[in-house]
Amino acid sequence: MAGFYLRIVRLGQWLVAALAGAIFAIARLFPWQASSDFGGWVARTIGPLIKVSRRGRANLKAAFPEKSDDEVETILRGVWDNLGRTAAEYPHLDRIWDYDPQFPDRFDRIEVHGIEHFLALRDSGSPAIVFTAHLANWELLAVCAAQYDLPISVIFRRPNNPYINRLIQRIRGENMGTLLPSGLGAAMAASKVLSDGGQVGILVDQHFTRGPVLPFFNRPAHTPPTLAKLARRFDCPVYGARVERLPGGRFRLSISPPVEMQKTESRENDIKANMAKVNAMVEGWVREHPEQWLWLHRRWRAD
């Protein structure tokens, strides 16, 4: 009976993945901007009606108690619009990028701030960590690295559907660098990359049950400590990077100078202090464009 049930589950997963693959293939037939506009329209029309939007509203009201209900709804529609656009842009990642650091004023869709830090990192041949958050189309940061030969290894969470995972891996593999699945072996894999002189990219804005509880939007949040642990162990520079969605189908990528990491005799205190600093940086980014962050995520859950 269990085997039959598993086959049914697998069949359902395969059908979902086949549908997703078909949608991606159809999306490739249209200009990327048309796909983005359509995805945004669908998501902002349907998304606010879905149950998970209750969590988004609650998170927004807790983070911005000064905002009215109408303002919260406007941000929430923007959240869904951004998610829909990001999903619809997935099949077009190779088409969106048009930035050339040798001609930074001749861009159409992409502008990059702090490119000198990125190029110095690429040319250094030394280990480094780059952190980011689920802002705008965050996948473009890895595309940027791959386009300019920075062999960054990105820690990512695998989809639960194995067939969807293969599809996403194929698209990411064609446009990005090495991918390190999150989980028990992620820290070990990242350590291997850094010990070999490579660079690691980490998303730092998700709940991590065993992480230290640190402020994020004036609320306690379990924070993933991997970045701080790796930075302390390898004594390597840490950079912050983000994507902003701009009007007219444009994007701004920003790369910070190296972020100063505290290092004292107390490992535990250093991890908390450094991740609190990272949380504060991410919060600042989100406050600038709250409609472009993933408020639907259970970032402040207690477990």
# chains A, B, ... in the order shown; residues from 1 in each chain; ligands from 1
>>> residues_around(residues="A:Asn274", least_positions_apart="5", cutoff="7 Å", atoms="only C-alpha atoms", output="list in words")
Ala228, Met261 and Gln262 of chain A
>>> residues_around(residues="A:Asn218", least_positions_apart="6", cutoff="12 Å", atoms="only C-alpha atoms", output="ChimeraX atom specification")
/A:59,62-65,276,279-280,283,300
>>> atom_distance(atom1="atom CA of A:His297", atom2="atom CA of A:Thr209")
13.8 Å
>>> residues_around(residues="A:Pro48", least_positions_apart="2", cutoff="8 Å", atoms="only C-alpha atoms", output="ChimeraX atom specification")
/A:44-46,50,53,76-77,80
>>> write_last_selection(atoms="C-alpha atoms", output="mmCIF file, in the first residue's frame")
data_model
loop_
_atom_site.group_PDB
_atom_site.id
_atom_site.type_symbol
_atom_site.label_atom_id
_atom_site.label_comp_id
_atom_site.auth_asym_id
_atom_site.auth_seq_id
_atom_site.Cartn_x
_atom_site.Cartn_y
_atom_site.Cartn_z
ATOM 1 C CA ARG A 44 -0.894 40.417 -7.898
ATOM 2 C CA THR A 45 -4.452 39.612 -9.031
ATOM 3 C CA ILE A 46 -4.702 36.167 -7.431
ATOM 4 C CA ILE A 50 -4.651 33.137 -1.180
ATOM 5 C CA SER A 53 -1.374 36.320 2.278
ATOM 6 C CA LEU A 76 1.307 43.085 -0.365
ATOM 7 C CA ARG A 77 0.153 43.416 -3.968
ATOM 8 C CA TRP A 80 2.970 39.234 -5.222
#
>>> residues_around(residues="A:Ile110", least_positions_apart="6", cutoff="10 Å", atoms="only C-alpha atoms", output="ChimeraX atom specification")
/A:96-100,104,140,243,245-246,249-253
>>> atom_distance(atom1="atom CA of A:Arg55", atom2="atom CA of A:Glu291")
14.5 Å
>>> closest_residue(among="A:Arg28, A:His289, A:Arg299, A:Arg166", to="A:Val79", atoms="only C-alpha atoms")
A:His289
>>> residues_around(residues="A:Gly84", least_positions_apart="2", cutoff="12 Å", atoms="only C-alpha atoms", output="PyMOL selection string")
chain A and resi 35-47+77-82+86-90+136-137+292+294
>>> write_last_selection(atoms="N, CA and C atoms", output="JSON list (two decimals), in the first residue's frame")
[["chain", "number", "residue", "atom", "x", "y", "z"],
["A", 35, "SER", "N", 6.67, 38.37, -20.63],
["A", 35, "SER", "CA", 6.50, 37.30, -19.63],
["A", 35, "SER", "C", 6.48, 37.88, -18.23],
["A", 36, "SER", "N", 7.39, 38.80, -17.95],
["A", 36, "SER", "CA", 7.46, 39.43, -16.63],
["A", 36, "SER", "C", 6.17, 40.17, -16.30],
["A", 37, "ASP", "N", 5.67, 40.96, -17.27],
["A", 37, "ASP", "CA", 4.43, 41.72, -17.04],
["A", 37, "ASP", "C", 3.25, 40.79, -16.79],
["A", 38, "PHE", "N", 3.18, 39.72, -17.57],
["A", 38, "PHE", "CA", 2.07, 38.78, -17.40],
["A", 38, "PHE", "C", 2.16, 38.07, -16.05],
["A", 39, "GLY", "N", 3.35, 37.61, -15.69],
["A", 39, "GLY", "CA", 3.52, 36.95, -14.39],
["A", 39, "GLY", "C", 3.18, 37.87, -13.23],
["A", 40, "GLY", "N", 3.58, 39.12, -13.33],
["A", 40, "GLY", "CA", 3.24, 40.08, -12.28],
["A", 40, "GLY", "C", 1.76, 40.31, -12.17],
["A", 41, "TRP", "N", 1.08, 40.43, -13.32],
["A", 41, "TRP", "CA", -0.37, 40.67, -13.32],
["A", 41, "TRP", "C", -1.12, 39.50, -12.70],
["A", 42, "VAL", "N", -0.77, 38.28, -13.10],
["A", 42, "VAL", "CA", -1.44, 37.10, -12.55],
["A", 42, "VAL", "C", -1.24, 37.03, -11.04],
["A", 43, "ALA", "N", -0.01, 37.20, -10.59],
["A", 43, "ALA", "CA", 0.30, 37.03, -9.17],
["A", 43, "ALA", "C", -0.36, 38.11, -8.30],
["A", 44, "ARG", "N", -0.30, 39.35, -8.73],
["A", 44, "ARG", "CA", -0.89, 40.42, -7.90],
["A", 44, "ARG", "C", -2.41, 40.39, -7.93],
["A", 45, "THR", "N", -2.99, 39.74, -8.95],
["A", 45, "THR", "CA", -4.45, 39.61, -9.03],
["A", 45, "THR", "C", -4.95, 38.49, -8.13],
["A", 46, "ILE", "N", -4.26, 37.36, -8.16],
["A", 46, "ILE", "CA", -4.70, 36.17, -7.43],
["A", 46, "ILE", "C", -4.08, 36.07, -6.05],
["A", 47, "GLY", "N", -2.81, 36.44, -5.93],
["A", 47, "GLY", "CA", -2.06, 36.24, -4.70],
["A", 47, "GLY", "C", -2.70, 36.77, -3.43],
["A", 77, "ARG", "N", 0.33, 43.62, -2.52],
["A", 77, "ARG", "CA", 0.15, 43.42, -3.97],
["A", 77, "ARG", "C", 1.50, 43.52, -4.69],
["A", 78, "GLY", "N", 2.33, 44.44, -4.22],
["A", 78, "GLY", "CA", 3.66, 44.56, -4.80],
["A", 78, "GLY", "C", 4.51, 43.33, -4.55],
["A", 79, "VAL", "N", 4.38, 42.74, -3.37],
["A", 79, "VAL", "CA", 5.10, 41.50, -3.05],
["A", 79, "VAL", "C", 4.72, 40.41, -4.05],
["A", 80, "TRP", "N", 3.42, 40.25, -4.28],
["A", 80, "TRP", "CA", 2.97, 39.23, -5.22],
["A", 80, "TRP", "C", 3.39, 39.57, -6.65],
["A", 81, "ASP", "N", 3.32, 40.85, -7.00],
["A", 81, "ASP", "CA", 3.76, 41.27, -8.33],
["A", 81, "ASP", "C", 5.22, 40.89, -8.55],
["A", 82, "ASN", "N", 6.07, 41.15, -7.55],
["A", 82, "ASN", "CA", 7.49, 40.83, -7.68],
["A", 82, "ASN", "C", 7.71, 39.33, -7.79],
["A", 86, "THR", "N", 9.37, 37.48, -10.93],
["A", 86, "THR", "CA", 10.58, 36.69, -10.75],
["A", 86, "THR", "C", 10.41, 35.29, -11.33],
["A", 87, "ALA", "N", 9.25, 34.67, -11.07],
["A", 87, "ALA", "CA", 8.98, 33.34, -11.62],
["A", 87, "ALA", "C", 8.92, 33.38, -13.14],
["A", 88, "ALA", "N", 8.25, 34.39, -13.69],
["A", 88, "ALA", "CA", 8.12, 34.48, -15.15],
["A", 88, "ALA", "C", 9.43, 34.83, -15.83],
["A", 89, "GLU", "N", 10.35, 35.44, -15.10],
["A", 89, "GLU", "CA", 11.65, 35.80, -15.67],
["A", 89, "GLU", "C", 12.64, 34.63, -15.65],
["A", 90, "TYR", "N", 12.31, 33.60, -14.90],
["A", 90, "TYR", "CA", 13.22, 32.46, -14.76],
["A", 90, "TYR", "C", 13.67, 31.88, -16.10],
["A", 136, "ALA", "N", 13.76, 41.50, -4.97],
["A", 136, "ALA", "CA", 13.59, 41.64, -6.42],
["A", 136, "ALA", "C", 13.86, 40.29, -7.08],
["A", 137, "ASN", "N", 14.58, 40.26, -8.18],
["A", 137, "ASN", "CA", 14.97, 38.98, -8.79],
["A", 137, "ASN", "C", 16.38, 38.65, -8.32],
["A", 292, "GLN", "N", 9.39, 44.41, -2.47],
["A", 292, "GLN", "CA", 10.23, 43.50, -3.24],
["A", 292, "GLN", "C", 10.84, 42.38, -2.37],
["A", 294, "LEU", "N", 10.27, 38.98, 0.51],
["A", 294, "LEU", "CA", 9.42, 37.80, 0.65],
["A", 294, "LEU", "C", 8.71, 37.81, 2.00]]
>>> closest_residue(among="A:Ala27, A:Val278, A:Leu203, A:Ile255", to="A:Glu111", atoms="only C-alpha atoms")
A:Ile255
>>> residues_around(residues="A:Met275", least_positions_apart="6", cutoff="9 Å", atoms="only C-alpha atoms", output="list in words")
Val204, Pro212, Leu214, Thr223, Pro224, Pro225, Leu227 and Ala228 of chain A
>>> write_last_selection(atoms="C-alpha atoms", output="compact mmCIF listing (two decimals), in the first residue's frame")
# COMPACT_ATOMS: atom_id res chain seq x y z
CA VAL A 204 20.69 35.04 4.93
CA PRO A 212 20.73 32.51 17.37
CA LEU A 214 18.50 38.17 16.90
CA THR A 223 18.99 33.66 12.22
CA PRO A 224 21.18 31.32 10.14
CA PRO A 225 24.74 31.54 11.56
CA LEU A 227 27.99 33.07 7.24
CA ALA A 228 29.48 34.23 10.55
>>> select_by_dssp(residues="stretch 11-248 of chain A", states="alpha helix (DSSP H)", output="PyMOL selection string")
chain A and resi 11-27+32-46+53-63+69-89+93-96+115-124+139-147+162-175+186-195+226-234
>>> closest_residue(among="A:Gly185, A:Gly197, A:Pro31, A:Pro151", to="A:Pro127", atoms="only C-alpha atoms")
A:Gly197
